[in-house]
Every structure is written in C-alpha cells, then in structure tokens.
$ cat work_25.txt   # compact mmCIF, C-alpha atoms
# COMPACT_ATOMS: atom_id res chain seq x y z
CA MET A 1 0.00 0.00 0.00
CA GLY A 2 1.49 3.29 -1.10
CA LEU A 3 1.17 6.62 0.71
CA PHE A 4 -1.57 7.84 -1.64
CA ASP A 5 -3.51 4.59 -1.14
CA PHE A 6 -3.17 5.02 2.63
CA PHE A 7 -4.65 8.56 2.54
CA GLU A 8 -7.41 7.43 0.19
CA ALA A 9 -8.29 4.57 2.54
CA CYS A 10 -8.30 6.84 5.60
CA CYS A 11 -9.99 9.91 4.14
CA GLY A 12 -11.94 8.44 1.26
CA SER A 13 -11.50 9.92 -2.16
CA ASP A 14 -15.17 10.61 -2.90
CA ASP A 15 -16.12 12.37 0.33
CA VAL A 16 -13.47 15.09 0.42
CA ASP A 17 -14.06 18.40 -1.34
CA LEU A 18 -10.75 20.17 -1.68
CA ALA A 19 -12.17 23.19 -3.51
CA PRO A 20 -11.41 26.39 -1.63
CA GLU A 21 -14.31 28.00 0.19
CA GLU A 22 -15.62 31.29 -1.13
CA PRO A 23 -14.35 34.00 1.20
CA GLN A 24 -17.03 35.54 3.37
CA PRO A 25 -17.44 39.25 2.57
CA CYS A 26 -16.45 41.61 5.35
CA THR A 27 -19.26 43.57 7.03
CA LEU A 28 -19.64 45.65 10.15
CA ASP A 29 -19.70 43.57 13.32
CA PRO A 30 -22.97 43.70 15.29
CA ARG A 31 -21.02 42.62 18.41
CA TYR A 32 -18.64 45.61 18.23
CA LYS A 33 -20.89 48.63 17.92
CA GLY A 34 -22.30 51.23 20.24
CA ASN A 35 -25.73 50.62 21.80
CA GLU A 36 -27.29 53.45 19.78
CA VAL A 37 -25.75 52.38 16.46
CA VAL A 38 -28.16 50.83 13.94
CA LEU A 39 -26.79 48.45 11.30
CA SER A 40 -28.85 47.68 8.20
CA SER A 41 -28.41 46.45 4.61
CA ASP A 42 -26.63 43.23 5.62
CA ASN A 43 -24.57 45.09 8.26
CA LEU A 44 -23.07 47.46 5.67
CA THR A 45 -25.03 50.65 6.48
CA VAL A 46 -24.67 52.60 9.73
CA SER A 47 -27.01 55.13 11.33
CA GLY A 48 -27.83 56.34 14.83
CA THR A 49 -25.10 57.52 17.20
CA GLY A 50 -21.80 55.86 18.09
CA THR A 51 -19.07 53.71 16.57
CA ALA A 52 -19.04 50.37 14.75
CA LEU A 53 -16.08 48.18 13.80
CA ALA A 54 -15.75 45.74 10.90
CA LEU A 55 -15.63 41.97 11.40
CA ALA A 56 -12.10 41.58 10.04
CA PRO A 57 -8.90 43.24 11.25
CA LEU A 58 -6.54 44.75 8.68
CA LEU A 59 -3.96 41.97 8.42
CA GLN A 60 -2.90 42.15 4.79
CA ASP A 61 -0.05 44.39 3.61
CA ARG A 62 -2.27 46.97 1.89
CA SER A 63 -5.98 47.45 2.56
CA PHE A 64 -8.53 49.75 0.97
CA PHE A 65 -12.19 50.39 1.75
CA GLU A 66 -14.80 53.07 1.05
CA PHE A 67 -17.70 54.77 2.81
CA THR A 68 -20.54 56.50 0.95
CA VAL A 69 -22.55 59.27 2.64
CA GLN A 70 -26.27 58.44 2.38
CA THR A 71 -27.87 61.16 4.53
CA PRO A 72 -26.57 64.38 6.14
CA GLY A 73 -25.11 64.42 9.63
CA SER A 74 -21.75 64.06 11.34
CA PHE A 75 -19.55 61.02 10.84
CA ALA A 76 -15.94 59.85 11.08
CA VAL A 77 -14.24 56.99 9.23
CA GLY A 78 -10.90 55.30 9.78
CA VAL A 79 -9.48 52.50 11.89
CA ALA A 80 -9.72 51.48 15.54
CA SER A 81 -8.73 48.72 17.90
CA ARG A 82 -11.42 46.84 19.80
CA GLU A 83 -10.64 48.94 22.90
CA VAL A 84 -12.22 52.01 21.25
CA ASP A 85 -15.07 53.75 23.08
CA ARG A 86 -18.02 52.63 20.93
CA LYS A 87 -20.40 55.13 22.55
CA GLY A 88 -18.40 58.08 21.26
CA ALA A 89 -16.88 59.30 18.02
CA LEU A 90 -13.78 57.89 16.36
CA GLY A 91 -10.61 59.80 17.15
CA ASN A 92 -11.64 60.84 20.64
CA ASP A 93 -9.38 58.28 22.30
CA ALA A 94 -5.98 56.66 21.85
CA TYR A 95 -7.51 53.61 20.14
CA SER A 96 -8.80 55.22 16.93
CA TRP A 97 -7.62 57.33 13.99
CA ALA A 98 -10.19 59.02 11.78
CA PHE A 99 -11.22 61.51 9.12
CA ARG A 100 -14.25 63.49 10.30
CA SER A 101 -16.97 64.90 8.06
CA ASP A 102 -15.94 68.44 9.11
CA ARG A 103 -12.62 67.75 7.30
CA PHE A 104 -10.44 67.16 10.34
CA LEU A 105 -8.12 64.26 11.04
CA VAL A 106 -8.43 63.26 14.67
CA HIS A 107 -6.62 60.89 17.04
CA ASN A 108 -6.76 60.99 20.85
CA LYS A 109 -8.76 64.26 20.58
CA ALA A 110 -5.90 65.98 18.73
CA THR A 111 -7.06 67.43 15.40
CA GLU A 112 -5.48 68.60 12.19
CA GLN A 113 -7.59 70.39 9.60
CA ILE A 114 -7.47 69.14 6.03
CA ILE A 115 -6.76 71.96 3.60
CA SER A 116 -9.58 71.64 1.10
CA ASP A 117 -12.30 73.87 -0.27
CA THR A 118 -14.58 70.89 -0.86
CA GLN A 119 -17.29 70.10 1.67
CA VAL A 120 -18.34 66.49 2.27
CA CYS A 121 -21.89 66.04 0.92
CA VAL A 122 -24.52 63.33 0.47
CA GLY A 123 -23.34 60.93 -2.25
CA ASP A 124 -19.66 61.58 -1.60
CA VAL A 125 -17.28 58.66 -1.14
CA ILE A 126 -14.50 58.65 1.46
CA GLY A 127 -11.80 56.08 0.70
CA VAL A 128 -9.38 54.76 3.30
CA SER A 129 -6.05 53.06 2.59
CA TYR A 130 -3.79 51.44 5.17
CA ASP A 131 -0.40 49.78 4.72
CA HIS A 132 0.45 49.00 8.37
CA THR A 133 2.18 52.31 8.91
CA VAL A 134 0.37 54.99 6.90
CA LEU A 135 -3.38 55.63 7.05
CA SER A 136 -4.56 57.82 4.14
CA PHE A 137 -7.94 59.23 3.15
CA TYR A 138 -9.50 60.07 -0.22
CA HIS A 139 -12.47 62.31 -0.97
CA ASN A 140 -14.21 61.18 -4.17
CA GLY A 141 -10.97 59.56 -5.31
CA VAL A 142 -8.68 62.51 -4.53
CA LEU A 143 -5.95 61.86 -1.94
CA LEU A 144 -6.28 64.29 0.98
CA ASP A 145 -3.18 66.28 1.91
CA SER A 146 -2.72 64.84 5.41
CA CYS A 147 -2.49 61.31 6.79
CA PHE A 148 -1.53 59.41 9.92
CA TYR A 149 1.92 57.82 10.21
CA SER A 150 2.91 55.00 12.55
CA VAL A 151 -0.56 53.51 13.03
CA ARG A 152 0.25 50.09 14.45
CA GLY A 153 -1.37 47.18 16.18
CA ARG A 154 -4.44 45.11 15.40
CA VAL A 155 -6.89 47.62 13.93
CA TYR A 156 -10.25 47.27 12.20
CA PRO A 157 -12.05 49.46 9.68
CA ALA A 158 -14.35 51.66 11.73
CA ILE A 159 -17.04 54.30 11.41
CA SER A 160 -18.84 56.57 13.84
CA VAL A 161 -22.03 58.46 13.10
CA ASP A 162 -24.10 61.14 14.78
CA GLY A 163 -27.22 61.58 12.68
CA ALA A 164 -25.63 60.60 9.37
CA GLN A 165 -26.31 57.38 7.50
CA VAL A 166 -23.23 55.96 5.79
CA SER A 167 -22.70 52.72 3.85
CA ALA A 168 -19.48 50.69 3.78
CA ASN A 169 -17.76 48.81 0.96
CA PHE A 170 -14.95 46.58 2.15
CA GLY A 171 -14.39 45.12 -1.33
CA HIS A 172 -17.48 42.93 -1.72
CA LEU A 173 -18.50 45.26 -4.59
CA PRO A 174 -16.31 47.10 -7.10
CA PHE A 175 -14.95 50.28 -5.54
CA VAL A 176 -16.37 53.59 -6.76
CA HIS A 177 -12.89 55.15 -6.76
CA PRO A 178 -10.41 52.23 -6.79
CA LEU A 179 -6.74 52.79 -6.16
CA ALA A 180 -4.45 51.80 -9.01
CA LYS A 181 -3.99 48.01 -8.88
CA GLU A 182 -0.24 48.30 -9.32
CA ARG A 183 -0.09 49.88 -5.87
CA GLY A 184 -1.23 46.55 -4.39
CA PHE A 185 -4.21 47.76 -2.33
CA LYS A 186 -7.13 45.33 -2.01
CA GLY A 187 -10.41 45.17 -0.16
CA VAL A 188 -10.46 43.86 3.39
CA LEU A 189 -9.59 40.16 3.55
CA PHE A 190 -10.36 37.73 6.32
CA GLU A 191 -7.49 35.87 7.91
CA GLN A 192 -7.17 32.52 6.19
CA SER A 193 -5.49 29.35 7.31
CA ILE A 194 -3.43 27.38 4.81
CA ILE A 195 -3.76 24.21 6.84
$ encode --input "work_25.txt" --output "structure tokens"
Amino acid sequence: MGLFDFFEACCGSDDVDLAPEEPQPCTLDPRYKGNEVVLSSDNLTVSGTGTALALAPLLQDRSFFEFTVQTPGSFAVGVASREVDRKGALGNDAYSWAFRSDRFLVHNKATEQIISDTQVCVGDVIGVSYDHTVLSFYHNGVLLDSCFYSVRGRVYPAISVDGAQVSANFGHLPFVHPLAKERGFKGVLFEQSII
C-alpha cells in the first residue's frame, strides 16, 4: 500500500471536497458597535449615534475600503482597535484614527484640519487606505493632503455616526474610486489558514 492509497483509505477519495471555500465578505460587526448604532443592509449601512467596527482586522499588507454618505449628519471613518469607546466618536481616544466629516483628522482628541475647499456632501465617497504604517484618506478619489503615520497594532475598519447614514464597501462590490492596482491595495480580507 502506497502513501496515496493510505490517505485514500483513511480519508476516502469521494467524500473530500478540496475546492477552496468562497471567502465571506467583510461587514460591520454587530457585536462591536455602540448601543445606539443601527446596522442595516446586511450590516453594511450605519445610522444612529456611536461607533461600529468591521468583522475583520486589517492583516494584509495593503488594505482599501470606502464609505458613501447616504444622509446628512456628522460622521468619522478610519481604523480602531477593539478597545475604542463605541459610545463616542472615532478619534476621541488613543484607540482610533479618523477623518471626520468636518474635514479634520483626529486621534486621541488631537485634530489637524485638512486643507480643502470641498465640503463632504450626500453621495460623496470617502476612501481609506492602510499599509500598516500609513493611514490615508480620499475624498471622491482625490488623496487628501494629510495622513496618519505610525498607526500600528491590530486595527479594524471603523465608522462613527451622529445623525448621518453611511454605507461601507470593504471590497465585496467594485470600488467607486479604486486605487491603481499596481499599488497593491485590495479590499479587506479575512485571515485565512493554509492548513
């Protein structure tokens, strides 16, 4: 009995499906959201008040995701660790880094205004790219002039709202304003085991 015959006898050749599973699309995590946050549209749209984190952490080398403004109100998008205060807004503690709808970058309550004449309006798309050191933001496909450096640790895509309704795209749909593929940025991927 050869090695292949041994495995076939133990595992059976007809019962084993070795086709890779379709990856589950990333959504916002109903377990990691503020009590007043409402998730809808298959956990991809946020309204209410507070912060919500995505299901998957940003583990790959280069991640990209987008948020589309559905209704007026205040919001912030970016990344956060699970220690973030989910009752408040992103950027108000040491566990989150965000772009706010009033065109400020904010981390640990420290702000830096983005130099731009363009207001964020309903229908606008805010893109977020992260390469494990630099967190950058895009307004309707245009790179904003400020970013965060040295963002480290296990972070998740995150959004906070206060009256606004915003939808997320973590790569389950084509991006509205995709980054050039040669730069290597992809939608949010779940951690996968090769075993």
$ residues_around --input "work_25.txt" --residues "Lys33 (chain A)" --least-positions-apart "2" --cutoff "10 Å" --atoms "all atoms listed in the file" --output "list in words"
Leu28, Asp29, Pro30, Arg31, Asn35, Glu36, Val37, Val38, Leu39, Val46, Thr49, Gly50, Thr51, Ala52, Leu53, Ala54, Arg82, Val84, Asp85, Arg86, Lys87, Ala158, Ile159 and Ser160 of chain A
$ residues_near_point --input "work_25.txt" --point "(-0.3, 47.4, 14.3)" --cutoff "10 Å" --atoms "only C-alpha atoms" --output "ChimeraX atom specification"
/A:58-59,81,131-133,150-155
$ residues_around --input "work_25.txt" --residues "Val188 (chain A)" --least-positions-apart "4" --cutoff "9 Å" --atoms "all atoms listed in the file" --output "ChimeraX atom specification"
/A:25-26,56-60,62-65,157,170-172
$ atom_distance --input "work_25.txt" --atom1 "CA of Val122 (chain A)" --atom2 "CA of Pro72 (chain A)"
6.1 Å
$ atom_distance --input "work_25.txt" --atom1 "CA of Thr118 (chain A)" --atom2 "CA of Gly91 (chain A)"
21.5 Å
$ atom_distance --input "work_25.txt" --atom1 "CA of Thr71 (chain A)" --atom2 "CA of Val176 (chain A)"
17.8 Å
$ residues_near_point --input "work_25.txt" --point "(-17.4, 59.7, 11.8)" --cutoff "12 Å" --atoms "only C-alpha atoms" --output "number ranges by chain"
A: 46-53, 67-69, 72-80, 86, 88-92, 96-106, 120, 126, 157-167
$ closest_residue --input "work_25.txt" --among "A:Ala110, A:Phe185, A:Ala168, A:Val134" --to "Thr45 (chain A)" --atoms "all atoms listed in the file"
A:Ala168
$ closest_residue --input "work_25.txt" --among "A:Asp42, A:Gln24, A:Leu143, A:Tyr32" --to "Glu83 (chain A)" --atoms "only C-alpha atoms"
A:Tyr32
$ closest_residue --input "work_25.txt" --among "A:His177, A:Phe148, A:Asn169, A:His107" --to "Leu135 (chain A)" --atoms "only C-alpha atoms"
A:Phe148
$ axis_aligned_box --input "work_25.txt" --around "region 169-183 of chain A" --padding-each-side "6 Å" --output "lines of an AutoDock Vina configuration file"
center_x = -9.3
center_y = 49.0
center_z = -3.6
size_x = 30.4
size_y = 24.2
size_z = 23.5
$ decode --input "work_25.txt" --residues "region 142-156 of chain A" --atoms "all heavy atoms" --output "JSON list (two decimals), in the first residue's frame"
[["chain", "number", "residue", "atom", "x", "y", "z"],
["A", 142, "VAL", "N", -9.82, 61.59, -4.62],
["A", 142, "VAL", "CA", -8.68, 62.51, -4.53],
["A", 142, "VAL", "C", -8.01, 62.34, -3.16],
["A", 142, "VAL", "O", -8.67, 62.49, -2.12],
["A", 142, "VAL", "CB", -9.13, 63.97, -4.74],
["A", 142, "VAL", "CG1", -7.95, 64.92, -4.56],
["A", 142, "VAL", "CG2", -9.76, 64.14, -6.10],
["A", 143, "LEU", "N", -6.71, 62.03, -3.18],
["A", 143, "LEU", "CA", -5.95, 61.86, -1.94],
["A", 143, "LEU", "C", -5.94, 63.17, -1.16],
["A", 143, "LEU", "O", -5.61, 64.23, -1.70],
["A", 143, "LEU", "CB", -4.52, 61.43, -2.26],
["A", 143, "LEU", "CG", -3.56, 61.27, -1.08],
["A", 143, "LEU", "CD1", -4.01, 60.13, -0.17],
["A", 143, "LEU", "CD2", -2.15, 61.02, -1.60],
["A", 144, "LEU", "N", -6.31, 63.10, 0.13],
["A", 144, "LEU", "CA", -6.28, 64.29, 0.98],
["A", 144, "LEU", "C", -4.84, 64.58, 1.39],
["A", 144, "LEU", "O", -3.99, 63.70, 1.43],
["A", 144, "LEU", "CB", -7.18, 64.10, 2.18],
["A", 144, "LEU", "CG", -8.66, 63.87, 1.82],
["A", 144, "LEU", "CD1", -9.49, 63.64, 3.07],
["A", 144, "LEU", "CD2", -9.21, 65.04, 1.03],
["A", 145, "ASP", "N", -4.57, 65.83, 1.73],
["A", 145, "ASP", "CA", -3.18, 66.28, 1.91],
["A", 145, "ASP", "C", -2.57, 65.93, 3.26],
["A", 145, "ASP", "O", -1.42, 66.28, 3.50],
["A", 145, "ASP", "CB", -3.07, 67.78, 1.65],
["A", 145, "ASP", "CG", -3.96, 68.61, 2.56],
["A", 145, "ASP", "OD1", -4.68, 68.03, 3.39],
["A", 145, "ASP", "OD2", -3.93, 69.85, 2.43],
["A", 146, "SER", "N", -3.28, 65.26, 4.12],
["A", 146, "SER", "CA", -2.72, 64.84, 5.41],
["A", 146, "SER", "C", -3.06, 63.37, 5.65],
["A", 146, "SER", "O", -4.03, 62.86, 5.10],
["A", 146, "SER", "CB", -3.30, 65.68, 6.55],
["A", 146, "SER", "OG", -2.88, 67.02, 6.45],
["A", 147, "CYS", "N", -2.24, 62.72, 6.46],
["A", 147, "CYS", "CA", -2.49, 61.31, 6.79],
["A", 147, "CYS", "C", -1.89, 61.04, 8.17],
["A", 147, "CYS", "O", -1.25, 61.89, 8.76],
["A", 147, "CYS", "CB", -1.88, 60.39, 5.73],
["A", 147, "CYS", "SG", -0.11, 60.59, 5.52],
["A", 148, "PHE", "N", -2.13, 59.84, 8.66],
["A", 148, "PHE", "CA", -1.53, 59.41, 9.92],
["A", 148, "PHE", "C", -0.35, 58.49, 9.61],
["A", 148, "PHE", "O", -0.45, 57.60, 8.77],
["A", 148, "PHE", "CB", -2.54, 58.62, 10.77],
["A", 148, "PHE", "CG", -3.65, 59.46, 11.32],
["A", 148, "PHE", "CD1", -4.94, 59.34, 10.80],
["A", 148, "PHE", "CD2", -3.43, 60.34, 12.36],
["A", 148, "PHE", "CE1", -5.97, 60.08, 11.31],
["A", 148, "PHE", "CE2", -4.47, 61.10, 12.88],
["A", 148, "PHE", "CZ", -5.74, 60.97, 12.35],
["A", 149, "TYR", "N", 0.75, 58.70, 10.32],
["A", 149, "TYR", "CA", 1.92, 57.82, 10.21],
["A", 149, "TYR", "C", 2.02, 57.00, 11.50],
["A", 149, "TYR", "O", 1.57, 57.43, 12.55],
["A", 149, "TYR", "CB", 3.19, 58.65, 10.03],
["A", 149, "TYR", "CG", 3.23, 59.39, 8.72],
["A", 149, "TYR", "CD1", 2.81, 60.72, 8.64],
["A", 149, "TYR", "CD2", 3.65, 58.76, 7.56],
["A", 149, "TYR", "CE1", 2.84, 61.40, 7.43],
["A", 149, "TYR", "CE2", 3.68, 59.43, 6.35],
["A", 149, "TYR", "CZ", 3.27, 60.75, 6.30],
["A", 149, "TYR", "OH", 3.28, 61.41, 5.09],
["A", 150, "SER", "N", 2.63, 55.86, 11.39],
["A", 150, "SER", "CA", 2.91, 55.00, 12.55],
["A", 150, "SER", "C", 1.66, 54.48, 13.24],
["A", 150, "SER", "O", 1.63, 54.34, 14.47],
["A", 150, "SER", "CB", 3.81, 55.72, 13.56],
["A", 150, "SER", "OG", 5.02, 56.07, 12.94],
["A", 151, "VAL", "N", 0.60, 54.19, 12.47],
["A", 151, "VAL", "CA", -0.56, 53.51, 13.03],
["A", 151, "VAL", "C", -0.20, 52.04, 13.09],
["A", 151, "VAL", "O", 0.08, 51.42, 12.07],
["A", 151, "VAL", "CB", -1.82, 53.73, 12.16],
["A", 151, "VAL", "CG1", -2.99, 52.93, 12.70],
["A", 151, "VAL", "CG2", -2.15, 55.21, 12.07],
["A", 152, "ARG", "N", -0.18, 51.48, 14.29],
["A", 152, "ARG", "CA", 0.25, 50.09, 14.45],
["A", 152, "ARG", "C", -0.71, 49.33, 15.35],
["A", 152, "ARG", "O", -1.54, 49.90, 16.02],
["A", 152, "ARG", "CB", 1.65, 50.06, 15.05],
["A", 152, "ARG", "CG", 2.68, 50.76, 14.17],
["A", 152, "ARG", "CD", 4.08, 50.30, 14.48],
["A", 152, "ARG", "NE", 5.07, 51.09, 13.81],
["A", 152, "ARG", "CZ", 5.44, 50.93, 12.55],
["A", 152, "ARG", "NH1", 4.89, 50.00, 11.83],
["A", 152, "ARG", "NH2", 6.36, 51.68, 12.00],
["A", 153, "GLY", "N", -0.54, 48.03, 15.34],
["A", 153, "GLY", "CA", -1.37, 47.18, 16.18],
["A", 153, "GLY", "C", -2.50, 46.56, 15.37],
["A", 153, "GLY", "O", -2.64, 46.79, 14.18],
["A", 154, "ARG", "N", -3.31, 45.78, 16.04],
["A", 154, "ARG", "CA", -4.44, 45.11, 15.40],
["A", 154, "ARG", "C", -5.60, 46.10, 15.32],
["A", 154, "ARG", "O", -6.25, 46.39, 16.33],
["A", 154, "ARG", "CB", -4.84, 43.88, 16.19],
["A", 154, "ARG", "CG", -5.85, 42.99, 15.50],
["A", 154, "ARG", "CD", -6.08, 41.73, 16.35],
["A", 154, "ARG", "NE", -6.91, 40.78, 15.69],
["A", 154, "ARG", "CZ", -6.46, 39.72, 15.01],
["A", 154, "ARG", "NH1", -5.16, 39.50, 14.93],
["A", 154, "ARG", "NH2", -7.31, 38.89, 14.43],
["A", 155, "VAL", "N", -5.83, 46.63, 14.12],
["A", 155, "VAL", "CA", -6.89, 47.62, 13.93],
["A", 155, "VAL", "C", -7.92, 47.10, 12.91],
["A", 155, "VAL", "O", -7.61, 46.23, 12.09],
["A", 155, "VAL", "CB", -6.35, 48.99, 13.49],
["A", 155, "VAL", "CG1", -5.50, 49.61, 14.59],
["A", 155, "VAL", "CG2", -5.57, 48.89, 12.19],
["A", 156, "TYR", "N", -9.11, 47.66, 13.02],
["A", 156, "TYR", "CA", -10.25, 47.27, 12.20],
["A", 156, "TYR", "C", -10.77, 48.50, 11.46],
["A", 156, "TYR", "O", -10.73, 49.61, 12.02],
["A", 156, "TYR", "CB", -11.38, 46.74, 13.08],
["A", 156, "TYR", "CG", -11.04, 45.49, 13.83],
["A", 156, "TYR", "CD1", -10.19, 45.51, 14.94],
["A", 156, "TYR", "CD2", -11.55, 44.26, 13.43],
["A", 156, "TYR", "CE1", -9.87, 44.35, 15.63],
["A", 156, "TYR", "CE2", -11.24, 43.09, 14.12],
["A", 156, "TYR", "CZ", -10.40, 43.15, 15.21],
["A", 156, "TYR", "OH", -10.08, 42.00, 15.89]]
